[in-house]
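Pasting coords-v7.txt here (compact mmCIF, C-alpha atoms):
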```txt
# COMPACT_ATOMS: atom_id res chain seq x y z
CA MET A 213 -60.48 44.94 19.92
CA TYR A 214 -56.76 44.51 19.28
CA GLY A 215 -55.30 45.49 15.94
CA ALA A 216 -56.15 48.68 14.13
CA THR A 217 -56.69 47.22 10.69
CA ASP A 218 -57.91 43.96 9.24
CA PRO A 219 -54.39 42.72 8.29
CA ASP A 220 -53.25 43.61 11.84
CA ARG A 221 -56.02 41.48 13.26
CA GLN A 222 -55.24 38.60 10.89
CA ASP A 223 -51.56 38.78 11.87
CA LEU A 224 -52.51 38.75 15.52
CA PHE A 225 -54.84 35.78 15.06
CA GLN A 226 -52.08 33.88 13.29
CA GLU A 227 -49.58 34.73 16.01
CA ILE A 228 -51.98 33.59 18.73
CA VAL A 229 -52.56 30.27 16.94
CA ILE A 230 -48.78 29.77 16.59
CA GLN A 231 -48.22 30.55 20.28
CA LEU A 232 -51.03 28.21 21.32
CA TRP A 233 -49.56 25.44 19.22
CA ARG A 234 -46.08 25.95 20.63
CA SER A 235 -47.23 26.24 24.22
CA TYR A 236 -49.65 23.33 24.20
CA PRO A 237 -47.04 20.71 25.23
CA SER A 238 -46.43 22.73 28.40
CA PHE A 239 -50.12 22.77 29.35
CA ARG A 240 -50.42 20.67 32.50
CA GLY A 241 -53.99 21.36 33.41
CA GLU A 242 -53.05 23.38 36.49
CA ALA A 243 -55.33 26.14 35.29
CA ARG A 244 -58.55 25.85 33.32
CA PHE A 245 -58.01 25.48 29.58
CA SER A 246 -59.88 28.73 28.90
CA THR A 247 -57.68 30.59 31.45
CA TRP A 248 -54.57 29.25 29.77
CA LEU A 249 -55.93 30.16 26.34
CA TYR A 250 -56.86 33.73 27.31
CA ARG A 251 -53.45 34.24 28.94
CA ILE A 252 -51.72 33.30 25.70
CA ALA A 253 -54.07 35.39 23.59
CA LEU A 254 -53.71 38.50 25.76
CA ASN A 255 -49.96 38.15 26.27
CA THR A 256 -49.50 37.78 22.52
CA ALA A 257 -51.78 40.74 21.78
CA ILE A 258 -49.88 42.92 24.24
CA SER A 259 -46.44 41.85 22.95
CA ASP A 260 -47.59 42.48 19.43
CA LEU A 261 -48.22 46.16 20.14
CA ARG A 262 -44.88 47.16 18.77
CA LYS A 263 -45.88 46.72 15.16
CA GLN A 264 -49.41 48.01 15.47
CA ARG A 265 -50.62 51.48 14.85
CA ARG A 266 -51.68 53.10 18.08
CA HIS A 267 -54.83 54.73 16.80
CA GLY A 268 -56.42 53.21 13.79
CA PRO A 269 -59.42 54.64 12.06
CA ALA A 270 -62.75 54.33 13.85
CA PRO A 271 -64.01 50.79 13.32
CA ASP A 272 -66.04 50.26 10.21
CA PRO A 273 -69.42 48.84 11.25
CA GLU A 274 -69.05 46.14 8.61
CA GLN A 275 -65.76 45.00 10.13
CA LEU A 276 -67.06 44.71 13.66
CA SER A 277 -67.15 41.25 15.16
CA ILE A 278 -70.93 41.59 15.22
CA PRO A 279 -71.89 43.10 11.85
CA LEU A 280 -74.49 45.72 12.44
CA GLN A 281 -76.56 44.72 9.44
CA ASP A 282 -77.04 41.33 11.08
CA LEU A 283 -78.62 42.83 14.09
CA GLN A 284 -82.32 43.37 14.08
CA TYR A 285 -82.07 46.65 15.83
CA ALA A 286 -83.55 50.01 15.00
CA SER A 287 -81.07 52.38 13.40
CA ASP A 288 -80.65 54.41 16.59
CA LYS A 289 -79.71 51.24 18.46
CA ALA A 290 -77.22 50.39 15.76
CA GLU A 291 -75.77 53.86 16.01
CA GLN A 292 -75.47 53.54 19.79
CA LEU A 293 -73.73 50.23 19.34
CA GLN A 294 -71.32 51.76 16.88
CA GLN A 295 -70.59 54.57 19.34
CA LEU A 296 -69.88 52.00 22.03
CA TYR A 297 -67.50 50.09 19.75
CA ALA A 298 -65.73 53.33 18.86
CA ALA A 299 -65.44 54.14 22.58
CA ILE A 300 -64.01 50.66 23.33
CA ASP A 301 -61.47 51.21 20.58
CA ARG A 302 -60.27 54.32 22.43
CA LEU A 303 -59.65 52.44 25.70
CA THR A 304 -56.14 51.55 26.83
CA GLU A 305 -54.83 48.03 26.08
CA VAL A 306 -55.36 46.95 29.70
CA GLU A 307 -58.90 48.32 29.72
CA LYS A 308 -59.59 46.53 26.43
CA ALA A 309 -58.37 43.27 27.96
CA LEU A 310 -60.72 43.69 30.91
CA THR A 311 -63.62 44.65 28.65
CA MET A 312 -63.05 41.61 26.47
CA LEU A 313 -63.01 39.27 29.46
CA TYR A 314 -66.12 40.96 30.81
CA LEU A 315 -67.94 40.55 27.49
CA GLU A 316 -66.84 36.92 27.39
CA ASP A 317 -68.63 36.57 30.72
CA LYS A 318 -65.55 35.55 32.68
CA SER A 319 -65.88 35.54 36.45
CA TYR A 320 -63.68 37.90 38.48
CA GLN A 321 -61.84 34.87 39.79
CA GLU A 322 -60.94 33.74 36.29
CA MET A 323 -60.03 37.31 35.31
CA GLU A 324 -57.69 37.35 38.31
CA GLU A 325 -56.06 34.12 37.15
CA ILE A 326 -55.62 35.49 33.65
CA LEU A 327 -54.45 39.00 34.44
CA GLY A 328 -52.78 38.52 37.82
CA ILE A 329 -54.58 41.33 39.61
CA SER A 330 -56.83 41.04 42.63
CA GLN A 331 -60.58 40.68 42.29
CA ASN A 332 -61.24 43.84 44.31
CA ASN A 333 -58.97 45.80 42.04
CA LEU A 334 -60.66 44.25 39.01
CA ARG A 335 -64.08 45.33 40.25
CA VAL A 336 -62.85 48.89 40.77
CA LYS A 337 -61.27 48.95 37.33
CA MET A 338 -64.35 47.47 35.67
CA ASN A 339 -66.60 50.12 37.24
CA ARG A 340 -64.22 52.81 36.05
CA ILE A 341 -64.26 51.38 32.54
CA LYS A 342 -68.05 51.28 32.45
CA GLU A 343 -68.17 54.88 33.64
CA LYS A 344 -65.55 55.92 31.11
CA LEU A 345 -67.45 54.24 28.27
CA ARG A 346 -70.70 55.85 29.41
CA LYS A 347 -69.02 59.24 29.38
CA MET A 348 -67.36 58.68 26.00
CA THR A 349 -70.54 57.50 24.28
CA LYS A 350 -72.44 60.44 25.77
CA GLU A 351 -69.78 62.81 24.50
CA THR A 352 -70.05 61.34 21.01
CA ALA A 353 -73.84 61.33 21.04
CA TYR A 354 -74.28 64.88 22.27
CA GLY A 355 -71.04 66.32 21.05
CA VAL A 356 -70.06 67.16 24.64
CA ARG A 357 -66.34 67.56 25.26
CA MET B 15 -75.81 52.08 25.22
CA GLU B 16 -74.25 50.43 28.25
CA LEU B 17 -71.54 47.79 28.26
CA ASP B 18 -73.99 45.34 29.81
CA ASN B 19 -76.29 45.69 26.79
CA LEU B 20 -73.38 44.88 24.55
CA LYS B 21 -72.61 41.87 26.73
CA THR B 22 -76.14 40.56 26.12
CA ILE B 23 -75.84 41.12 22.36
CA TRP B 24 -72.37 39.53 22.44
CA LYS B 25 -73.80 36.40 24.08
CA GLU B 26 -76.74 36.24 21.67
CA GLN B 27 -74.54 36.59 18.64
CA ARG B 28 -71.96 34.04 19.72
CA THR B 29 -71.40 31.64 16.86
CA PRO B 30 -71.35 27.94 17.69
CA VAL B 31 -67.94 26.29 17.81
CA GLN B 32 -67.09 24.75 14.47
CA ALA B 33 -64.62 22.02 13.70
CA ALA B 34 -61.29 23.50 12.69
CA ASP B 35 -60.31 23.45 9.06
CA THR B 36 -57.23 21.29 9.53
CA GLU B 37 -55.71 22.22 6.19
CA ALA B 38 -56.03 25.95 6.84
CA LEU B 39 -54.69 25.42 10.34
CA SER B 40 -51.66 23.44 9.23
CA LEU B 41 -50.95 26.08 6.57
CA LEU B 42 -51.13 28.75 9.26
CA LEU B 43 -48.79 26.83 11.53
CA ARG B 44 -46.25 26.36 8.77
CA THR B 45 -45.73 30.12 8.54
CA ARG B 46 -43.07 31.75 10.66
CA SER B 47 -43.99 33.69 13.76
CA ARG B 48 -44.13 37.43 13.08
CA GLY B 49 -44.10 38.43 16.72
CA PRO B 50 -41.50 41.06 17.70
CA ILE B 51 -39.43 38.68 19.84
CA ALA B 52 -39.36 35.96 17.19
CA ARG B 53 -38.26 38.56 14.63
CA MET B 54 -35.57 39.90 16.95
CA ARG B 55 -34.23 36.37 17.47
CA ARG B 56 -34.21 35.73 13.74
CA ASN B 57 -32.36 39.00 13.11
CA LEU B 58 -29.86 38.05 15.79
CA ARG B 59 -29.19 34.70 14.13
CA VAL B 60 -28.69 36.39 10.74
CA GLU B 61 -26.32 38.91 12.35
CA ALA B 62 -24.32 36.10 14.01
CA PHE B 63 -24.15 34.14 10.77
CA LEU B 64 -22.91 37.20 8.83
CA MET B 65 -20.32 37.83 11.52
CA VAL B 66 -18.96 34.27 11.23
CA ILE B 67 -18.86 34.21 7.42
CA THR B 68 -17.08 37.56 7.19
CA TYR B 69 -14.66 37.17 10.10
CA THR B 70 -13.54 33.57 9.49
CA PRO B 71 -11.96 34.15 6.03
CA THR B 72 -10.44 37.44 7.24
CA ILE B 73 -8.83 35.70 10.23
CA ILE B 74 -7.47 32.95 7.98
CA ALA B 75 -6.21 35.53 5.48
CA TYR B 76 -4.29 37.53 8.13
CA LEU B 77 -2.84 34.31 9.56
CA THR B 78 -1.55 32.98 6.27
CA LEU B 79 -0.77 36.02 4.13
CA PHE B 80 2.31 38.28 4.44
CA ASP B 81 4.32 35.40 5.98
CA GLY B 82 2.28 35.63 9.15
CA ARG B 83 3.57 39.15 9.92
CA LEU B 84 0.01 40.36 10.49
CA SER B 85 -1.05 37.39 12.62
CA LYS B 86 -1.59 39.78 15.57
CA ILE B 87 -4.56 41.23 13.70
CA SER B 88 -6.02 37.79 13.16
CA LEU B 89 -5.69 37.12 16.90
CA PHE B 90 -7.49 40.35 17.63
CA LEU B 91 -10.26 39.50 15.14
CA PHE B 92 -10.58 36.07 16.71
CA ALA B 93 -10.95 37.68 20.13
CA VAL B 94 -13.66 39.98 18.71
CA LEU B 95 -15.43 36.95 17.24
CA CYS B 96 -15.33 35.19 20.62
CA PHE B 97 -16.67 38.33 22.28
CA TYR B 98 -19.54 38.45 19.80
CA ALA B 99 -20.31 34.77 20.33
CA VAL B 100 -20.87 35.50 24.04
CA TYR B 101 -22.73 38.69 23.09
CA TYR B 102 -25.16 36.89 20.76
CA TYR B 103 -25.69 34.05 23.20
CA ARG B 104 -26.48 36.44 26.04
CA LYS B 105 -28.83 38.50 23.87
CA ASP B 106 -30.62 35.37 22.71
CA ARG B 107 -31.11 34.14 26.29
CA LEU B 108 -32.51 37.53 27.28
CA LEU B 109 -34.92 37.43 24.33
CA VAL B 110 -36.07 33.94 25.29
CA ARG B 111 -36.73 35.13 28.83
CA MET B 112 -38.54 38.20 27.56
CA GLN B 113 -41.81 36.45 26.89
CA CYS B 114 -43.81 33.99 28.95
CA VAL B 115 -47.07 33.68 27.05
CA THR B 116 -48.57 31.17 29.46
CA CYS B 117 -47.92 33.36 32.54
CA GLU B 118 -50.40 35.78 34.05
CA VAL B 119 -50.50 38.99 32.02
CA ARG B 120 -49.10 41.08 34.88
CA SER B 121 -46.14 38.79 35.61
CA ASN B 122 -45.43 38.43 31.89
CA LEU B 123 -45.35 42.21 31.55
CA ALA B 124 -43.15 42.59 34.64
CA GLY B 125 -40.79 39.96 33.21
CA GLN B 126 -40.69 41.69 29.85
CA VAL B 127 -39.92 45.07 31.39
CA GLU B 128 -37.10 43.58 33.48
CA ALA B 129 -35.63 41.52 30.63
CA LEU B 130 -35.82 44.50 28.27
CA ARG B 131 -34.05 46.69 30.86
CA LYS B 132 -31.22 44.14 31.09
CA TYR B 133 -31.16 43.75 27.32
CA ILE B 134 -30.82 47.51 26.79
CA ARG B 135 -28.12 47.83 29.48
CA PHE B 136 -26.19 44.97 27.93
CA TYR B 137 -26.60 46.45 24.44
CA VAL B 138 -25.27 49.86 25.54
CA TRP B 139 -22.30 48.59 27.56
CA SER B 140 -21.17 45.89 25.14
CA GLY B 141 -21.54 48.26 22.19
CA THR B 142 -19.37 50.84 23.97
CA LEU B 143 -16.78 48.35 25.24
CA VAL B 144 -16.13 46.57 21.96
CA ILE B 145 -15.30 49.84 20.18
CA LEU B 146 -13.06 50.97 23.05
CA ILE B 147 -11.17 47.66 22.98
CA ALA B 148 -10.79 48.02 19.22
CA LEU B 149 -9.37 51.51 19.75
CA VAL B 150 -6.85 50.31 22.34
CA VAL B 151 -5.71 47.51 20.02
CA ALA B 152 -5.43 49.97 17.12
CA TRP B 153 -3.37 52.22 19.39
CA ALA B 154 -1.08 49.33 20.37
CA THR B 155 -0.54 48.47 16.71
CA PHE B 156 0.23 52.10 15.91
CA ARG B 157 2.66 52.29 18.87
CA ASP B 158 4.45 49.14 17.75
CA ALA B 159 4.72 50.54 14.24
CA ILE B 160 6.28 53.83 15.29
CA GLN B 161 8.57 52.17 17.84
CA ALA B 162 9.74 49.77 15.15
CA LYS B 163 10.77 52.78 13.07
CA GLY B 164 12.94 53.97 15.97
CA PHE B 165 10.70 56.86 16.90
CA PRO B 166 11.23 57.51 20.66
CA LEU B 167 8.18 57.49 22.93
CA HIS B 168 8.33 58.98 26.41
CA TRP B 169 6.88 56.83 29.22
CA TRP B 170 4.20 59.41 30.01
CA PHE B 171 3.12 59.80 26.41
CA GLN B 172 1.03 56.61 26.19
CA PRO B 173 -1.24 57.03 29.23
CA VAL B 174 -1.72 60.74 28.53
CA ALA B 175 -2.48 60.20 24.85
CA LEU B 176 -4.79 57.28 25.59
CA LEU B 177 -6.66 59.19 28.28
CA THR B 178 -7.03 62.29 26.12
CA LEU B 179 -8.28 60.20 23.25
CA LEU B 180 -10.39 57.62 25.04
CA LEU B 181 -12.09 59.55 27.82
CA PRO B 182 -14.17 62.00 25.76
CA PHE B 183 -14.63 59.36 23.08
CA SER B 184 -16.01 56.76 25.50
CA VAL B 185 -18.40 59.23 27.10
CA GLY B 186 -19.63 60.34 23.66
CA LEU B 187 -19.91 56.77 22.46
CA PHE B 188 -21.81 55.70 25.58
CA TYR B 189 -24.41 58.43 25.11
CA LEU B 190 -24.63 57.79 21.38
CA ASN B 191 -25.30 54.11 22.07
CA LYS B 192 -27.83 55.03 24.72
CA TRP B 193 -29.62 57.35 22.31
CA TYR B 194 -29.66 54.70 19.58
CA VAL B 195 -30.96 51.93 21.83
CA ASN B 196 -33.56 54.28 23.22
CA LYS B 197 -34.61 55.11 19.66
CA LEU B 198 -34.95 51.38 18.95
CA TYR B 199 -36.70 50.24 22.11
CA GLY B 200 -37.59 53.37 24.08
CA ARG B 201 -41.22 53.72 23.00
CA HIS B 202 -41.89 50.00 23.36
CA THR B 203 -40.36 49.90 26.86
CA GLU B 204 -42.31 52.97 27.90
CA ARG B 205 -45.56 51.44 26.64
CA LEU B 206 -44.89 48.18 28.52
CA ARG B 207 -44.08 50.14 31.69
CA ALA B 208 -47.26 52.18 31.34
CA MET B 209 -49.33 49.00 30.96
CA LEU B 210 -47.65 47.43 33.98
CA ARG B 211 -48.27 50.60 36.04
CA GLU B 212 -51.91 50.52 34.99
CA LEU B 213 -52.27 46.86 35.95
CA GLU B 214 -50.52 47.33 39.28
CA GLU B 215 -52.39 50.50 40.17
CA GLY B 216 -54.30 49.92 43.43
CA ARG B 217 -53.00 46.40 43.96
```

Once more with this new file: its structure as structure tokens, please.
Amino acid sequence: MYGATDPDRQDLFQEIVIQLWRSYPSFRGEARFSTWLYRIALNTAISDLRKQRRHGPAPDPEQLSIPLQDLQYASDKAEQLQQLYAAIDRLTEVEKALTMLYLEDKSYQEMEEILGISQNNLRVKMNRIKEKLRKMTKETAYGVR
Amino acid sequence: MELDNLKTIWKEQRTPVQAADTEALSLLLRTRSRGPIARMRRNLRVEAFLMVITYTPTIIAYLTLFDGRLSKISLFLFAVLCFYAVYYYRKDRLLVRMQCVTCEVRSNLAGQVEALRKYIRFYVWSGTLVILIALVVAWATFRDAIQAKGFPLHWWFQPVALLTLLLPFSVGLFYLNKWYVNKLYGRHTERLRAMLRELEEGR
């Protein structure tokens, strides 16, 4: 989701690992480990924006985190999935963060602890994102603008 | 396809957690951080080091050469070096405060925006001031030189000349610095602000 190209993503992964390693001594167990981990990952991804290209090419299906060829889906399903990935790639960084946490099945309470925004606001934002993605995939599928 | 469908696929495709390849991990951790703040701090250290290794011999040279007649210049250079020591220290502290990776994303962003605002303000003002101080010192040296040659200077000449020279120059320099700093950090600051606005929207 973050990083326009493969080297960008590798750099980001490396940076996240370094930050996790450096921050680990300060982990006191006040928050869940996963909350702490996602905070570091997202804060690093957001700080890293400076060196990333804003709009990379549309994601290559073979580079997606779930390679399409591995999925036993009919080709139209695969195409829909690709459209959805392309739409996610066009979201803002904040929307991407929310989408990632949603896909990772995080509760709104944990999302609140990671992002620092209220659960009500998160629900509103999440509904907007879903609607936006629906609209974007429809636009791509039917060529509607 | 809906996001919820993707969520189901995402769950189904989740790979089981594997033991970390310790060798690959230690190799990764041995590399230097390439994050923007780490790079800025490294650049700052290089800049400070270059400053020390160029200024120190120059200060010593002006102190010892020409029978110490140019020792005033070495004093001035020493003052500049002290100024830059404070400057680099302050910049470094601001950079350290700029990132709190373990904080909530919103508070980290808010902190970054605030620290970057202070960093930019400090950059602009210190950059303007140091050149102005250098100009005043250069003027004082020039005045001493012409007075030593017996050239008469009226009492009103110095303030008028300094004001005429410094006022437009400082204004120009201030805006030039502002433009340059904005060119360096403007887009990044704007992007951080936009993200913070988006996060805080409807709070």

Shortest interatomic distance to chain A - which of B:Lys132, B:Arg53, B:Arg211, B:Arg120, counting all atoms listed in the file: B:Arg120

Please determine the contact residues of chain A with respect to chain B at a cut-off of 7 Å, counting all atoms listed in the file, and supply them as a PyMOL selection string. chain A and resi 226-227+230+248+251-252+255-256+260+262+292-293+296+306+315+325-330+333+342+346

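Atom to atom, atom CA of A:Leu232 and atom CA of B:Arg56 stand 19.9 Å apart.
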
Which value, in Å to one decimal, gives the distance between atom CA of A:Ser259 and atom CA of A:Gln294? 27.5 Å

Work out how far apart atom CA of B:Leu64 and atom CA of B:Lys86 are and give it in Å to one decimal.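 Spanning atom CA of B:Leu64 to atom CA of B:Lys86 is a straight-line distance of 22.5 Å.
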
Near-B:Arg107 list (10 Å; only C-alpha atoms; drop same-chain fewer than 3 positions) as a ChimeraX atom specification: /B:55,102-104,110-112,129,133

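The closest residue to A:Met338, picked from A:Thr311, A:Thr217, A:Gln295, A:Gln231 and counting only C-alpha atoms, is A:Thr311.
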
Counting all atoms listed in the file, which of A:Lys350, A:Arg234, A:Lys344, A:Arg221 gets nearest to A:Ile300? A:Lys344

Just the residues within 6 Å of stretch 87-92 of chain B, please, counting all atoms listed in the file, with nothing from its chain fewer than 6 positions along; format it as JSON, numbers by chain. {"B": [73, 76, 77]}

Keeping only C-alpha atoms, write those residues as a JSON list (two decimals), in the coordinates of the input.
```
[["chain", "number", "residue", "atom", "x", "y", "z"],
["B", 73, "ILE", "CA", -8.83, 35.70, 10.23],
["B", 76, "TYR", "CA", -4.29, 37.53, 8.13],
["B", 77, "LEU", "CA", -2.84, 34.31, 9.56]]
```

Restore N, CA and C atoms in stretch 42-66 of chain B and list the result as a PDB file, in the frame of the given file.
```pdb
ATOM      1  N   LEU B  42     -51.399  27.621   8.358  1.00  0.00           N
ATOM      2  CA  LEU B  42     -51.130  28.750   9.260  1.00  0.00           C
ATOM      3  C   LEU B  42     -49.939  28.459  10.158  1.00  0.00           C
ATOM      4  N   LEU B  43     -49.863  27.200  10.617  1.00  0.00           N
ATOM      5  CA  LEU B  43     -48.790  26.830  11.530  1.00  0.00           C
ATOM      6  C   LEU B  43     -47.446  26.643  10.830  1.00  0.00           C
ATOM      7  N   ARG B  44     -47.511  26.508   9.518  1.00  0.00           N
ATOM      8  CA  ARG B  44     -46.250  26.360   8.770  1.00  0.00           C
ATOM      9  C   ARG B  44     -45.560  27.711   8.578  1.00  0.00           C
ATOM     10  N   THR B  45     -46.334  28.794   8.722  1.00  0.00           N
ATOM     11  CA  THR B  45     -45.730  30.120   8.540  1.00  0.00           C
ATOM     12  C   THR B  45     -44.909  30.486   9.778  1.00  0.00           C
ATOM     13  N   ARG B  46     -43.949  31.377   9.551  1.00  0.00           N
ATOM     14  CA  ARG B  46     -43.070  31.750  10.660  1.00  0.00           C
ATOM     15  C   ARG B  46     -43.768  32.767  11.553  1.00  0.00           C
ATOM     16  N   SER B  47     -43.412  32.734  12.827  1.00  0.00           N
ATOM     17  CA  SER B  47     -43.990  33.690  13.760  1.00  0.00           C
ATOM     18  C   SER B  47     -43.539  35.104  13.376  1.00  0.00           C
ATOM     19  N   ARG B  48     -44.504  36.058  13.407  1.00  0.00           N
ATOM     20  CA  ARG B  48     -44.130  37.430  13.080  1.00  0.00           C
ATOM     21  C   ARG B  48     -44.144  38.326  14.322  1.00  0.00           C
ATOM     22  N   GLY B  49     -44.139  37.675  15.471  1.00  0.00           N
ATOM     23  CA  GLY B  49     -44.100  38.430  16.720  1.00  0.00           C
ATOM     24  C   GLY B  49     -42.769  39.153  16.856  1.00  0.00           C
ATOM     25  N   PRO B  50     -42.747  40.272  17.606  1.00  0.00           N
ATOM     26  CA  PRO B  50     -41.500  41.060  17.700  1.00  0.00           C
ATOM     27  C   PRO B  50     -40.308  40.281  18.243  1.00  0.00           C
ATOM     28  N   ILE B  51     -40.556  39.403  19.245  1.00  0.00           N
ATOM     29  CA  ILE B  51     -39.430  38.680  19.840  1.00  0.00           C
ATOM     30  C   ILE B  51     -38.890  37.635  18.873  1.00  0.00           C
ATOM     31  N   ALA B  52     -39.801  36.953  18.175  1.00  0.00           N
ATOM     32  CA  ALA B  52     -39.360  35.960  17.190  1.00  0.00           C
ATOM     33  C   ALA B  52     -38.545  36.645  16.089  1.00  0.00           C
ATOM     34  N   ARG B  53     -39.008  37.840  15.678  1.00  0.00           N
ATOM     35  CA  ARG B  53     -38.260  38.560  14.630  1.00  0.00           C
ATOM     36  C   ARG B  53     -36.896  39.011  15.130  1.00  0.00           C
ATOM     37  N   MET B  54     -36.845  39.474  16.377  1.00  0.00           N
ATOM     38  CA  MET B  54     -35.570  39.900  16.950  1.00  0.00           C
ATOM     39  C   MET B  54     -34.588  38.743  17.027  1.00  0.00           C
ATOM     40  N   ARG B  55     -35.109  37.550  17.388  1.00  0.00           N
ATOM     41  CA  ARG B  55     -34.230  36.370  17.470  1.00  0.00           C
ATOM     42  C   ARG B  55     -33.729  35.964  16.094  1.00  0.00           C
ATOM     43  N   ARG B  56     -34.627  36.079  15.111  1.00  0.00           N
ATOM     44  CA  ARG B  56     -34.210  35.730  13.740  1.00  0.00           C
ATOM     45  C   ARG B  56     -33.131  36.691  13.256  1.00  0.00           C
ATOM     46  N   ASN B  57     -33.346  37.998  13.506  1.00  0.00           N
ATOM     47  CA  ASN B  57     -32.360  39.000  13.110  1.00  0.00           C
ATOM     48  C   ASN B  57     -31.011  38.739  13.775  1.00  0.00           C
ATOM     49  N   LEU B  58     -31.077  38.334  15.038  1.00  0.00           N
ATOM     50  CA  LEU B  58     -29.860  38.050  15.790  1.00  0.00           C
ATOM     51  C   LEU B  58     -29.097  36.883  15.164  1.00  0.00           C
ATOM     52  N   ARG B  59     -29.826  35.872  14.758  1.00  0.00           N
ATOM     53  CA  ARG B  59     -29.190  34.700  14.130  1.00  0.00           C
ATOM     54  C   ARG B  59     -28.539  35.084  12.803  1.00  0.00           C
ATOM     55  N   VAL B  60     -29.243  35.936  12.032  1.00  0.00           N
ATOM     56  CA  VAL B  60     -28.690  36.390  10.740  1.00  0.00           C
ATOM     57  C   VAL B  60     -27.409  37.179  10.986  1.00  0.00           C
ATOM     58  N   GLU B  61     -27.478  38.073  11.999  1.00  0.00           N
ATOM     59  CA  GLU B  61     -26.320  38.910  12.350  1.00  0.00           C
ATOM     60  C   GLU B  61     -25.123  38.024  12.728  1.00  0.00           C
ATOM     61  N   ALA B  62     -25.393  37.005  13.561  1.00  0.00           N
ATOM     62  CA  ALA B  62     -24.320  36.100  14.010  1.00  0.00           C
ATOM     63  C   ALA B  62     -23.736  35.329  12.827  1.00  0.00           C
ATOM     64  N   PHE B  63     -24.606  34.895  11.935  1.00  0.00           N
ATOM     65  CA  PHE B  63     -24.150  34.140  10.770  1.00  0.00           C
ATOM     66  C   PHE B  63     -23.264  35.027   9.877  1.00  0.00           C
ATOM     67  N   LEU B  64     -23.694  36.273   9.656  1.00  0.00           N
ATOM     68  CA  LEU B  64     -22.910  37.200   8.830  1.00  0.00           C
ATOM     69  C   LEU B  64     -21.540  37.459   9.458  1.00  0.00           C
ATOM     70  N   MET B  65     -21.550  37.582  10.781  1.00  0.00           N
ATOM     71  CA  MET B  65     -20.320  37.830  11.520  1.00  0.00           C
ATOM     72  C   MET B  65     -19.322  36.668  11.274  1.00  0.00           C
ATOM     73  N   VAL B  66     -19.823  35.443  11.398  1.00  0.00           N
ATOM     74  CA  VAL B  66     -18.960  34.270  11.230  1.00  0.00           C
ATOM     75  C   VAL B  66     -18.431  34.178   9.800  1.00  0.00           C
TER      76      VAL B  66
END
```
